[in-house]
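Asker: I'd like to ask you about the structure that follows.
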Amino acid sequence: MQSVNEKIILFILVLLALSNLIFFIVSSYSGPIIGFITAIVMAIHWWQKRDSKLIMIMAIVWILIHIYELIKLGISSYPVIISLNLLLPFLLFYCSLKIYLQMKKEKK
């Protein structure tokens with residue numbers, strides 16, 4: 001890994017995976033296991049291919065899903081984990097967008 005943004009993306013994906021695993025363990029919800037698996041698959045894919053477009057798309061999907069959950073369920077009894085799942089994808093999107101724009105600029 002070369003840039004700080006690449007390291008941040010991997011760190012965020014691992015953090016999202018861990019937070020969803022913890023959420024799955026402490027709650028009665030089954031949804032966090034999907035988030036855990038998704039974050040792990042995305043981290044592996046990122047490690048191998050550095051596909052910033054996929055990361056941007058998945059960050060947007062992740063944000064939309066958690067906004068929907070926030071509206072439907074409220075902040076619930078796990079506000080820290082819900083907040084992490086809502087806020088970390090914004091940073092994920094930002095870093096992947098920076099990498100994408102940098103790669104696009106270098107191709108010219």
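Letters for chains follow the order of the structure tokens (A, B, ...), residue numbers begin at 1 for each chain, and ligand numbers begin at 1 in the order shown.
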Tell me which protein, DNA and RNA residues are within 10 Å of Ile82 (chain A), counting only C-alpha atoms, leaving out same-chain ones fewer than 5 positions away, and put them as number ranges by chain.
Answerer: A: 19-20, 23, 66-67, 69-70, 74-77, 87
Asker: Leaving out Tyr94 (chain A) and any residue of its chain fewer than 5 positions from it, which residues lie within 12 Å of it when counting only C-alpha atoms, given as a CSV table (one decimal) with N, CA, C and O atoms, in the first residue's frame?
Answerer:
```
chain,number,residue,atom,x,y,z
A,5,ASN,N,-4.5,7.3,2.1
A,5,ASN,CA,-5.9,7.0,1.9
A,5,ASN,C,-6.1,5.5,1.7
A,5,ASN,O,-7.1,5.0,2.1
A,6,GLU,N,-5.2,4.8,1.1
A,6,GLU,CA,-5.3,3.3,0.9
A,6,GLU,C,-5.3,2.6,2.2
A,6,GLU,O,-6.1,1.7,2.5
A,8,ILE,N,-6.2,4.0,5.1
A,8,ILE,CA,-7.4,4.4,5.8
A,8,ILE,C,-8.6,3.6,5.4
A,8,ILE,O,-9.4,3.1,6.2
A,9,ILE,N,-8.6,3.3,4.1
A,9,ILE,CA,-9.7,2.5,3.5
A,9,ILE,C,-9.7,1.1,4.1
A,9,ILE,O,-10.7,0.6,4.6
A,12,ILE,N,-10.7,1.3,7.8
A,12,ILE,CA,-12.2,1.5,8.0
A,12,ILE,C,-13.0,0.2,7.7
A,12,ILE,O,-13.9,-0.1,8.5
A,52,SER,N,-11.3,1.4,-6.3
A,52,SER,CA,-11.9,2.5,-5.6
A,52,SER,C,-13.3,2.8,-6.0
A,52,SER,O,-14.1,3.2,-5.2
A,53,LYS,N,-13.7,2.4,-7.3
A,53,LYS,CA,-15.1,2.6,-7.7
A,53,LYS,C,-16.0,1.7,-6.9
A,53,LYS,O,-17.1,2.1,-6.4
A,55,ILE,N,-15.5,0.5,-3.9
A,55,ILE,CA,-15.6,1.1,-2.5
A,55,ILE,C,-16.5,2.2,-2.4
A,55,ILE,O,-17.3,2.3,-1.5
A,56,MET,N,-16.5,3.1,-3.4
A,56,MET,CA,-17.4,4.3,-3.4
A,56,MET,C,-18.9,3.8,-3.5
A,56,MET,O,-19.7,4.3,-2.8
A,57,ILE,N,-19.1,2.9,-4.4
A,57,ILE,CA,-20.5,2.4,-4.5
A,57,ILE,C,-21.0,1.7,-3.2
A,57,ILE,O,-22.1,2.0,-2.7
A,59,ALA,N,-19.8,2.2,-0.2
A,59,ALA,CA,-20.0,3.2,0.8
A,59,ALA,C,-21.3,3.9,0.7
A,59,ALA,O,-22.0,4.1,1.8
A,60,ILE,N,-21.7,4.2,-0.5
A,60,ILE,CA,-23.0,4.8,-0.7
A,60,ILE,C,-24.2,3.9,-0.3
A,60,ILE,O,-25.1,4.3,0.4
A,87,LEU,N,-21.4,6.8,10.1
A,87,LEU,CA,-20.4,7.8,9.8
A,87,LEU,C,-19.1,7.3,9.1
A,87,LEU,O,-18.6,8.0,8.3
A,88,LEU,N,-18.7,6.1,9.4
A,88,LEU,CA,-17.4,5.6,8.8
A,88,LEU,C,-17.5,5.5,7.3
A,88,LEU,O,-16.5,5.7,6.6
A,89,PRO,N,-18.7,5.1,6.7
A,89,PRO,CA,-18.8,5.0,5.3
A,89,PRO,C,-18.6,6.4,4.6
A,89,PRO,O,-18.2,6.4,3.4
A,99,ILE,N,-8.7,8.8,-4.1
A,99,ILE,CA,-7.8,7.8,-4.8
A,99,ILE,C,-8.3,7.8,-6.3
A,99,ILE,O,-7.5,7.8,-7.2
A,100,TYR,N,-9.6,7.7,-6.5
A,100,TYR,CA,-10.1,7.6,-7.9
A,100,TYR,C,-9.7,8.8,-8.7
A,100,TYR,O,-9.3,8.7,-9.8
A,101,LEU,N,-9.9,10.0,-8.1
A,101,LEU,CA,-9.6,11.2,-8.8
A,101,LEU,C,-8.1,11.3,-9.1
A,101,LEU,O,-7.7,11.8,-10.1
```
Asker: Please indicate the distance in Å from CA of Leu15 (chain A) to CA of Leu91 (chain A), rounded to one decimal place.
Answerer: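 Spanning CA of Leu15 (chain A) to CA of Leu91 (chain A) is a straight-line distance of 12.1 Å.
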Asker: Pick the closest to Leu92 (chain A) from A:Leu54, A:Leu73, A:Ile22, A:Val80: which is it, counting only C-alpha atoms?
Answerer: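 Ranking A:Leu54, A:Leu73, A:Ile22, A:Val80 by distance to Leu92 (chain A), first place goes to A:Leu54.
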Asker: Interatomic distance between CA of Ser96 (chain A) and CA of Lys72 (chain A)?
Answerer: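 Separating CA of Ser96 (chain A) from CA of Lys72 (chain A) is a distance of 28.6 Å.
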Asker: Select, from A:Ile25, A:Met58, A:Leu86, A:Leu16, the residue with the minimum atom-to-atom distance to Ile40 (chain A), counting only C-alpha atoms.
Answerer: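 For Ile40 (chain A), the nearest of the given residues is A:Leu16.
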Asker: For Ser27 (chain A), which residue out of A:Ile71, A:Lys107, A:Tyr78, A:Cys95 is the nearest one, using only C-alpha atoms?
Answerer: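 When distances to Ser27 (chain A) are compared using only C-alpha atoms, the smallest one comes from A:Tyr78.
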Asker: Which of these residues is nearest to Met42 (chain A), using only C-alpha atoms: A:Leu10, A:Leu84, A:Val61, A:Met103?
Answerer: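 Between A:Leu10, A:Leu84, A:Val61, A:Met103, the residue approaching Met42 (chain A) most closely is A:Leu10.
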Asker: Could you work out how far CA of Lys104 (chain A) lies from CA of Ile44 (chain A), giving the answer in Å with one decimal?
Answerer: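 Result for CA of Ile44 (chain A) versus CA of Lys104 (chain A): 23.0 Å, one decimal.
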Asker: Tell me, as a PyMOL selection string, which residues lie within 9 Å of Leu18 (chain A), counting only C-alpha atoms; anything in the same chain fewer than 5 positions away does not count.
Answerer: chain A and resi 13+23+36+39
Asker: Please, could you write that set of residues out with all heavy atoms as a PDB file, in the first residue's frame?
Answerer:
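Writing done, so here's out-v4.pdb:
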```
ATOM      1  N   LEU A  13     -12.572  -0.498   6.692  1.00  0.00           N
ATOM      2  CA  LEU A  13     -13.258  -1.751   6.380  1.00  0.00           C
ATOM      3  C   LEU A  13     -13.105  -2.765   7.509  1.00  0.00           C
ATOM      4  O   LEU A  13     -14.063  -3.448   7.882  1.00  0.00           O
ATOM      5  CB  LEU A  13     -12.745  -2.320   5.053  1.00  0.00           C
ATOM      6  CG  LEU A  13     -13.145  -1.538   3.813  1.00  0.00           C
ATOM      7  CD1 LEU A  13     -12.404  -2.051   2.587  1.00  0.00           C
ATOM      8  CD2 LEU A  13     -14.645  -1.577   3.598  1.00  0.00           C
ATOM      9  N   PHE A  23     -21.679  -6.092  17.152  1.00  0.00           N
ATOM     10  CA  PHE A  23     -23.119  -5.823  17.153  1.00  0.00           C
ATOM     11  C   PHE A  23     -23.912  -7.123  17.022  1.00  0.00           C
ATOM     12  O   PHE A  23     -24.921  -7.319  17.694  1.00  0.00           O
ATOM     13  CB  PHE A  23     -23.459  -4.856  16.029  1.00  0.00           C
ATOM     14  CG  PHE A  23     -24.844  -4.276  16.084  1.00  0.00           C
ATOM     15  CD1 PHE A  23     -25.521  -4.103  17.275  1.00  0.00           C
ATOM     16  CD2 PHE A  23     -25.469  -3.867  14.921  1.00  0.00           C
ATOM     17  CE1 PHE A  23     -26.801  -3.550  17.324  1.00  0.00           C
ATOM     18  CE2 PHE A  23     -26.740  -3.307  14.945  1.00  0.00           C
ATOM     19  CZ  PHE A  23     -27.404  -3.163  16.153  1.00  0.00           C
ATOM     20  N   PHE A  36     -20.872  -7.598   8.479  1.00  0.00           N
ATOM     21  CA  PHE A  36     -19.566  -8.180   8.763  1.00  0.00           C
ATOM     22  C   PHE A  36     -18.998  -8.860   7.517  1.00  0.00           C
ATOM     23  O   PHE A  36     -17.856  -8.612   7.122  1.00  0.00           O
ATOM     24  CB  PHE A  36     -19.682  -9.187   9.919  1.00  0.00           C
ATOM     25  CG  PHE A  36     -18.450 -10.012  10.136  1.00  0.00           C
ATOM     26  CD1 PHE A  36     -17.318  -9.465  10.702  1.00  0.00           C
ATOM     27  CD2 PHE A  36     -18.424 -11.348   9.748  1.00  0.00           C
ATOM     28  CE1 PHE A  36     -16.176 -10.224  10.892  1.00  0.00           C
ATOM     29  CE2 PHE A  36     -17.293 -12.115   9.940  1.00  0.00           C
ATOM     30  CZ  PHE A  36     -16.165 -11.551  10.509  1.00  0.00           C
ATOM     31  N   ALA A  39     -18.126  -6.285   4.765  1.00  0.00           N
ATOM     32  CA  ALA A  39     -16.897  -5.539   5.057  1.00  0.00           C
ATOM     33  C   ALA A  39     -15.660  -6.406   4.856  1.00  0.00           C
ATOM     34  O   ALA A  39     -14.643  -5.935   4.324  1.00  0.00           O
ATOM     35  CB  ALA A  39     -16.941  -4.986   6.479  1.00  0.00           C
TER      36      ALA A  39
END
```
Asker: Have a look at A:Lys105, A:Ile81, A:Leu97, A:Trp62 and name the one nearest to Leu21 (chain A); count only C-alpha atoms.
Answerer: A:Ile81
